[in-house]
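Report on one structure; see the data block that follows.
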Amino acid sequence: MSVVGVDFGTLKTVIAVARNRGVDVITNEVSNRSTPSLVGFGTKSRYLGETAKTQEISNLKNTVNCLKRLAGRQFSDPDVQIEQQFVTAPLVDVNGQVGAEVNYLGNKEKFTATQLVAMYLSKIKQTAAAELKLPVSDICMSVPPWFTDVQRRALNDAAEIAGLKLLRLINDNTAAALGWGITKLDLPAPEEQPRRVAFVDIGHSNYTVSIVEFKKGELAVKATAWDRNFGGRDFDKALVDHLAKEFKGKYKVDIYTHGRAMARTIAAAEKTKKILSANQQAPVNIESLMNDVDASAVITRQEFEALIEPLLVRTAAPLEHALAQAKLTKEDIDVVEIIGGGSRVPALKERIQSFFGKPLSYTMNADEAVARGSAFSCAILSPVFRVRDFAVQDIVSYPIEFAWEKAPDIPDEDTSLTVFNKGNVLPSTKILTFYRKQPFDLEARYAKPEELPGKTNPWIGRFSVKGVKADGGDDFMICKLKARVNIHGILNVENGYYVEDQEVEEEVKEEDGEKKDPDAMETDKEEKKTRKVKKQVRKGDLPIVSGTASLEESAKASLTEKESSMVMEDKLVADTEEKKNELEAYIYDLRAKLDDQYDQFASEEEKTTIKAKLEASEDWLYDEGEDASKESTSPRWTRSAPWPVPSSSATSRRSRPTESPSRSVWMPRRPPRRPRRMPAKPPRATRRTQR
């Protein structure tokens, strides 16, 4: 059983695995420690991860990025329009949800964001399985803390479609905090003052801050704040806008009207940003930008910092909100740990350090900290690993309330209640009590919609309680409902039951102040005092029908089947291309060997025949073979194989070639081994000669 942690990022994804010797970050098929978060579509198959990256420039309209930020979003959400600035494929409305329209297998197809995420997770699953040499099923995946219930459900559905079981959806900063704390041996004891650490994560698209308290064997998140549209891509965009203006004046070209020119400029801007993190200036050179124009420019760090100043002024707000929510001051923070790929901008680090008034800590790998923490979380939850006891206490990001219709017989009843406040411990369970005579419904929603990302619908779910009935005309059934925000941060009403008030006798305990008579004999002992009290006794269960944003089982099964068929199609195409590559390599290899090491084993006529077969196979490979199937490629091995045996008139220095039934390679027969000539032994000396 594998124990895998996945940091599913906007730009790239990092996979970590827990092993006996610790946590390792695994590499993909091209030996990179991260995989681009891209899904592309072509006329034959899909392109996922690294292959999508190599095809991105030439396949912009059919390549989808920012997958995580699209999951669970409605097409009408204003944030979707923000994402369209960074997504090259056209975003469309798919039954109210956001999706992408692409050209797949020669047809126009629309895929929802959930399907796109499932496709990418299938690739992550394959990458992990190839490295581990084991099937991968259980994972722990990170998400931004500002994700809503709908977004978390979408990721959970996508994982199921991809054949994965999510053991936990863990907040990014919480995962990093777990990776930081579980290895520390000097944490304060439970009775001592906790060590307070501020984790500042600046990623490709969002910026989050968490205040975490550590004690020996546990961590508790006290506050989390964020700016969901502040990250490395926004710094890149500032550079792109500057370069676009400069190129328009210098070369009379408008990159905004040319998709590939825009993509090349974005790639150059990202590279320039990285160079300026360590240097005072950076050259920008883009070959064949557009209209056969080679563009160049020079950006200094001072110019770059001036361009991103509107972003830098937003640095302090999340830090202030996190401290206010935790009811702490800057002086109360012991360590400020910086993570995330966007945190390498010097001006940004200076702003954060200036805010706290203390040096920043860089003890964690900025790109891999979240993945490692996710792997630790997966190991803690997995039964096959024994990990040091370490409790993780997260918090609810948004207040959640329940609303219901007023009961006709209870005129003064409230119709709503905030059950889970912001900052409530996660996971958490609350019991709701209702007095009803008949079945009823209640609705869960976010109490403060203005805090949600974009214009997200605050609705979470509707829960219908069945089986409610009163025995008498004036009697009510006391209904108890168990509402729980689970380990993923997803709300459910897990079960319901009804109780009855019953009188039971219980023993009256003696108060501490009462004194016993030391001279009393056993016969003087009074009988134990009891009293009758009313208690609620559980009598039976109440069925609950839930209506949430999760996919229905039938829809999920259909999408799972479709994903499986696409995976098989991709595998068939990959196997076919591998066969063609093998055939091509075989043709070139054998053609070279015929005039080299096989030259002495075949006559000129035989070599001419074999070369003709090889040339025919090569012509087929580059013509008809371009669109050939795996089944039609395999027979080409037989047609190309030089099975003819040289004639018996071959000179004595030639040896007959042998044919191997298991391989399509003509190898010469090894010449017979000559008997080894041993040196003559000297005559054995006699005693007389020795004398």
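Please note that chains go A, B, ... in the order of the structure tokens, that every chain numbers its residues from 1, and that ligands are numbered from 1 in the order shown.
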
*Go through range 263-442 of chain A and collect every residue that DSSP, computed from the backbone, puts in strand (DSSP E); the answer should be as a PyMOL selection string.*
chain A and resi 281-290+293-300+335-339+391-395+400-404+416-420+425-426+428-436+440-442

*Write out as JSON, numbers by chain the residues lying within 9 Å of Glu50 in chain A, counting only C-alpha atoms and excluding same-chain residues fewer than 2 positions away.*
{"A": [28, 29, 30, 35, 36, 37, 38, 47, 48, 52, 53, 54, 55]}

*asked:* Excluding range 464-468 of chain A and its own-chain neighbours fewer than 4 positions away, which residues fall within 12 Å of it when counting only C-alpha atoms? Please give them as a PyMOL selection string.
replied: chain A and resi 404-405+434-444+475-482+493-499+540-548

Keeping only N, CA and C atoms, write those residues as a compact mmCIF listing (two decimals), in the first residue's frame.
```txt
# COMPACT_ATOMS: atom_id res chain seq x y z
N TRP A 404 -34.16 26.71 8.54
CA TRP A 404 -35.29 25.79 8.41
C TRP A 404 -36.60 26.57 8.51
N GLU A 405 -37.67 25.93 8.12
CA GLU A 405 -38.99 26.55 8.24
C GLU A 405 -39.49 26.44 9.67
N PHE A 434 -34.41 19.33 17.30
CA PHE A 434 -35.64 19.90 16.76
C PHE A 434 -36.83 19.17 17.39
N TYR A 435 -37.91 19.92 17.62
CA TYR A 435 -39.17 19.34 18.09
C TYR A 435 -40.15 19.39 16.92
N ARG A 436 -40.50 18.24 16.39
CA ARG A 436 -41.32 18.19 15.19
C ARG A 436 -42.37 17.09 15.28
N LYS A 437 -43.46 17.32 14.50
CA LYS A 437 -44.52 16.32 14.39
C LYS A 437 -44.52 15.63 13.03
N GLN A 438 -43.78 16.19 12.07
CA GLN A 438 -43.78 15.64 10.73
C GLN A 438 -42.41 15.87 10.09
N PRO A 439 -42.12 15.19 8.97
CA PRO A 439 -40.82 15.37 8.32
C PRO A 439 -40.56 16.83 7.99
N PHE A 440 -39.28 17.20 7.97
CA PHE A 440 -38.92 18.60 7.73
C PHE A 440 -37.58 18.66 7.00
N ASP A 441 -37.30 19.85 6.46
CA ASP A 441 -36.05 20.09 5.73
C ASP A 441 -35.25 21.17 6.44
N LEU A 442 -33.94 21.10 6.28
CA LEU A 442 -33.10 22.21 6.71
C LEU A 442 -32.01 22.41 5.67
N GLU A 443 -31.56 23.64 5.58
CA GLU A 443 -30.61 24.05 4.55
C GLU A 443 -29.35 24.58 5.20
N ALA A 444 -28.20 24.17 4.66
CA ALA A 444 -26.91 24.66 5.15
C ALA A 444 -26.37 25.69 4.17
N ASP A 475 -48.18 15.90 21.16
CA ASP A 475 -46.81 15.46 21.42
C ASP A 475 -45.90 15.82 20.25
N PHE A 476 -44.65 16.08 20.58
CA PHE A 476 -43.61 16.32 19.58
C PHE A 476 -42.62 15.17 19.62
N MET A 477 -42.01 14.92 18.48
CA MET A 477 -40.89 13.98 18.45
C MET A 477 -39.61 14.79 18.61
N ILE A 478 -38.78 14.38 19.52
CA ILE A 478 -37.50 15.08 19.75
C ILE A 478 -36.48 14.50 18.78
N CYS A 479 -36.10 15.31 17.78
CA CYS A 479 -35.20 14.86 16.71
C CYS A 479 -33.79 15.40 16.96
N LYS A 480 -32.81 14.52 16.88
CA LYS A 480 -31.41 14.88 17.04
C LYS A 480 -30.69 14.63 15.71
N LEU A 481 -30.00 15.66 15.21
CA LEU A 481 -29.26 15.54 13.95
C LEU A 481 -27.79 15.80 14.21
N LYS A 482 -26.94 14.95 13.65
CA LYS A 482 -25.49 15.09 13.83
C LYS A 482 -24.90 15.77 12.60
N VAL A 493 -24.68 16.28 7.10
CA VAL A 493 -25.51 15.84 8.22
C VAL A 493 -25.46 14.33 8.17
N GLU A 494 -24.65 13.75 9.04
CA GLU A 494 -24.29 12.34 8.90
C GLU A 494 -25.43 11.39 9.26
N ASN A 495 -26.15 11.70 10.32
CA ASN A 495 -27.26 10.82 10.69
C ASN A 495 -28.22 11.56 11.61
N GLY A 496 -29.37 10.96 11.81
CA GLY A 496 -30.38 11.53 12.70
C GLY A 496 -31.05 10.44 13.51
N TYR A 497 -31.56 10.80 14.66
CA TYR A 497 -32.27 9.85 15.50
C TYR A 497 -33.25 10.61 16.38
N TYR A 498 -34.19 9.88 16.98
CA TYR A 498 -35.14 10.53 17.87
C TYR A 498 -35.01 9.93 19.27
N VAL A 499 -35.34 10.74 20.25
CA VAL A 499 -35.21 10.33 21.65
C VAL A 499 -36.53 10.54 22.37
N GLY A 540 -34.66 5.40 18.18
CA GLY A 540 -34.62 4.92 16.80
C GLY A 540 -33.95 5.93 15.88
N ASP A 541 -33.64 5.49 14.65
CA ASP A 541 -32.96 6.33 13.67
C ASP A 541 -33.97 7.04 12.78
N LEU A 542 -33.51 8.18 12.23
CA LEU A 542 -34.31 8.95 11.28
C LEU A 542 -33.57 8.99 9.95
N PRO A 543 -34.18 8.54 8.86
CA PRO A 543 -33.52 8.61 7.55
C PRO A 543 -33.32 10.06 7.12
N ILE A 544 -32.17 10.32 6.48
CA ILE A 544 -31.86 11.67 5.99
C ILE A 544 -31.49 11.57 4.51
N VAL A 545 -32.15 12.39 3.70
CA VAL A 545 -31.84 12.47 2.27
C VAL A 545 -31.07 13.76 2.05
N SER A 546 -29.83 13.63 1.54
CA SER A 546 -28.95 14.78 1.38
C SER A 546 -28.92 15.23 -0.07
N GLY A 547 -28.95 16.54 -0.26
CA GLY A 547 -28.77 17.13 -1.58
C GLY A 547 -27.65 18.14 -1.51
N THR A 548 -26.48 17.79 -2.06
CA THR A 548 -25.30 18.65 -2.00
C THR A 548 -24.73 18.86 -3.39
```

_Using only C-alpha atoms, which protein or nucleic acid residues come within 6 Å of range 145-154 of chain A? Drop anything in the same chain fewer than 3 positions from it, and give the result as a ChimeraX atom specification._
/A:71-72,114,157,171,490,549-550

*When DSSP works through the backbone of this structure, what residues of range 52-164 of chain A end up as helix (DSSP H, G or I), shown as a PyMOL selection string?*
chain A and resi 52-55+57-62+67-70+78-84+113-132+149-161

Hey, can you spit out that residue selection with C-alpha atoms as an mmCIF file, in the first residue's frame?
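Result file is again.cif:
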```
data_model
loop_
_atom_site.group_PDB
_atom_site.id
_atom_site.type_symbol
_atom_site.label_atom_id
_atom_site.label_comp_id
_atom_site.auth_asym_id
_atom_site.auth_seq_id
_atom_site.Cartn_x
_atom_site.Cartn_y
_atom_site.Cartn_z
ATOM 1 C CA ALA A 52 1.217 18.825 -22.518
ATOM 2 C CA LYS A 53 3.991 21.291 -21.681
ATOM 3 C CA THR A 54 6.004 20.349 -24.768
ATOM 4 C CA GLN A 55 2.881 20.781 -26.937
ATOM 5 C CA ILE A 57 2.927 26.614 -27.610
ATOM 6 C CA SER A 58 1.715 24.767 -30.710
ATOM 7 C CA ASN A 59 -1.550 23.646 -29.101
ATOM 8 C CA LEU A 60 -2.662 26.666 -27.076
ATOM 9 C CA LYS A 61 -6.390 26.460 -27.778
ATOM 10 C CA ASN A 62 -6.501 22.827 -26.693
ATOM 11 C CA LEU A 67 -7.138 23.393 -13.254
ATOM 12 C CA LYS A 68 -7.384 23.673 -9.491
ATOM 13 C CA ARG A 69 -8.786 27.204 -9.563
ATOM 14 C CA LEU A 70 -11.559 26.180 -11.973
ATOM 15 C CA PRO A 78 -16.557 36.711 -11.675
ATOM 16 C CA ASP A 79 -13.378 34.857 -10.699
ATOM 17 C CA VAL A 80 -13.790 32.693 -13.799
ATOM 18 C CA GLN A 81 -13.317 35.778 -15.955
ATOM 19 C CA ILE A 82 -10.105 36.508 -14.057
ATOM 20 C CA GLU A 83 -8.924 32.972 -14.763
ATOM 21 C CA GLN A 84 -9.683 33.336 -18.482
ATOM 22 C CA ALA A 113 -13.418 21.402 -14.616
ATOM 23 C CA THR A 114 -14.046 18.298 -12.490
ATOM 24 C CA GLN A 115 -13.360 16.058 -15.495
ATOM 25 C CA LEU A 116 -10.194 17.993 -16.345
ATOM 26 C CA VAL A 117 -8.900 17.649 -12.788
ATOM 27 C CA ALA A 118 -9.711 13.913 -12.867
ATOM 28 C CA MET A 119 -7.694 13.549 -16.086
ATOM 29 C CA TYR A 120 -4.711 15.226 -14.488
ATOM 30 C CA LEU A 121 -4.983 13.187 -11.284
ATOM 31 C CA SER A 122 -4.960 10.041 -13.432
ATOM 32 C CA LYS A 123 -1.584 11.186 -14.731
ATOM 33 C CA ILE A 124 -0.335 11.861 -11.192
ATOM 34 C CA LYS A 125 -1.497 8.383 -10.220
ATOM 35 C CA GLN A 126 0.436 6.837 -13.126
ATOM 36 C CA THR A 127 3.568 8.857 -12.326
ATOM 37 C CA ALA A 128 3.555 7.780 -8.686
ATOM 38 C CA ALA A 129 2.854 4.137 -9.561
ATOM 39 C CA ALA A 130 5.682 4.060 -12.122
ATOM 40 C CA GLU A 131 8.168 5.352 -9.556
ATOM 41 C CA LEU A 132 6.978 3.200 -6.660
ATOM 42 C CA ASP A 149 -17.415 23.292 0.391
ATOM 43 C CA VAL A 150 -18.363 23.115 -3.300
ATOM 44 C CA GLN A 151 -14.739 23.323 -4.460
ATOM 45 C CA ARG A 152 -13.626 20.673 -1.995
ATOM 46 C CA ARG A 153 -16.414 18.350 -3.126
ATOM 47 C CA ALA A 154 -15.371 18.862 -6.749
ATOM 48 C CA LEU A 155 -11.805 17.778 -5.963
ATOM 49 C CA ASN A 156 -13.086 14.785 -4.023
ATOM 50 C CA ASP A 157 -15.287 13.769 -6.977
ATOM 51 C CA ALA A 158 -12.371 14.214 -9.382
ATOM 52 C CA ALA A 159 -10.174 11.959 -7.255
ATOM 53 C CA GLU A 160 -12.847 9.239 -7.240
ATOM 54 C CA ILE A 161 -13.236 9.478 -11.026
#
```

Which residues come within 7 Å of Gly423 in chain A, counting only C-alpha atoms, excluding same-chain residues fewer than 6 positions away, as a tab-separated table (two decimals) with C-alpha atoms, in the first residue's frame?
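Done, and the output landed in part-v6.tsv:
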```tsv
chain	number	residue	atom	x	y	z
A	223	ALA	CA	-5.82	31.81	12.26
A	395	ILE	CA	-9.95	25.42	11.67
A	396	VAL	CA	-13.08	26.21	9.67
A	397	SER	CA	-12.46	29.02	7.18
```

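All residues of protein, DNA or RNA that reach within 7 Å of range 254-269 of chain A, judged by only C-alpha atoms and not counting those fewer than 6 positions away in the chain, are Ile57, Asp236, Leu239, Val240, Ala244, Lys248, Val284, Leu289 and Met290 of chain A.
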
Just write the chosen residues, C-alpha atoms, as a PDB file, in the first residue's frame.
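Below is the file out.pdb, written as the result:
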```pdb
ATOM      1  CA  ILE A  57       2.927  26.614 -27.610  1.00  0.00           C
ATOM      2  CA  ASP A 236       4.665  37.795 -14.456  1.00  0.00           C
ATOM      3  CA  LEU A 239       6.262  42.170 -16.665  1.00  0.00           C
ATOM      4  CA  VAL A 240       4.267  40.982 -19.684  1.00  0.00           C
ATOM      5  CA  ALA A 244       3.997  44.362 -24.565  1.00  0.00           C
ATOM      6  CA  LYS A 248       4.626  47.721 -29.555  1.00  0.00           C
ATOM      7  CA  VAL A 284      14.953  39.509 -22.445  1.00  0.00           C
ATOM      8  CA  LEU A 289       8.019  36.644 -31.425  1.00  0.00           C
ATOM      9  CA  MET A 290       5.595  37.282 -34.283  1.00  0.00           C
TER      10      MET A 290
END
```

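Comparing the minimum interatomic distances between Thr174 in chain A and each of A:Lys330, A:Arg228, A:Lys12, A:Arg372, counting only C-alpha atoms, we find that A:Arg372 sits nearest.
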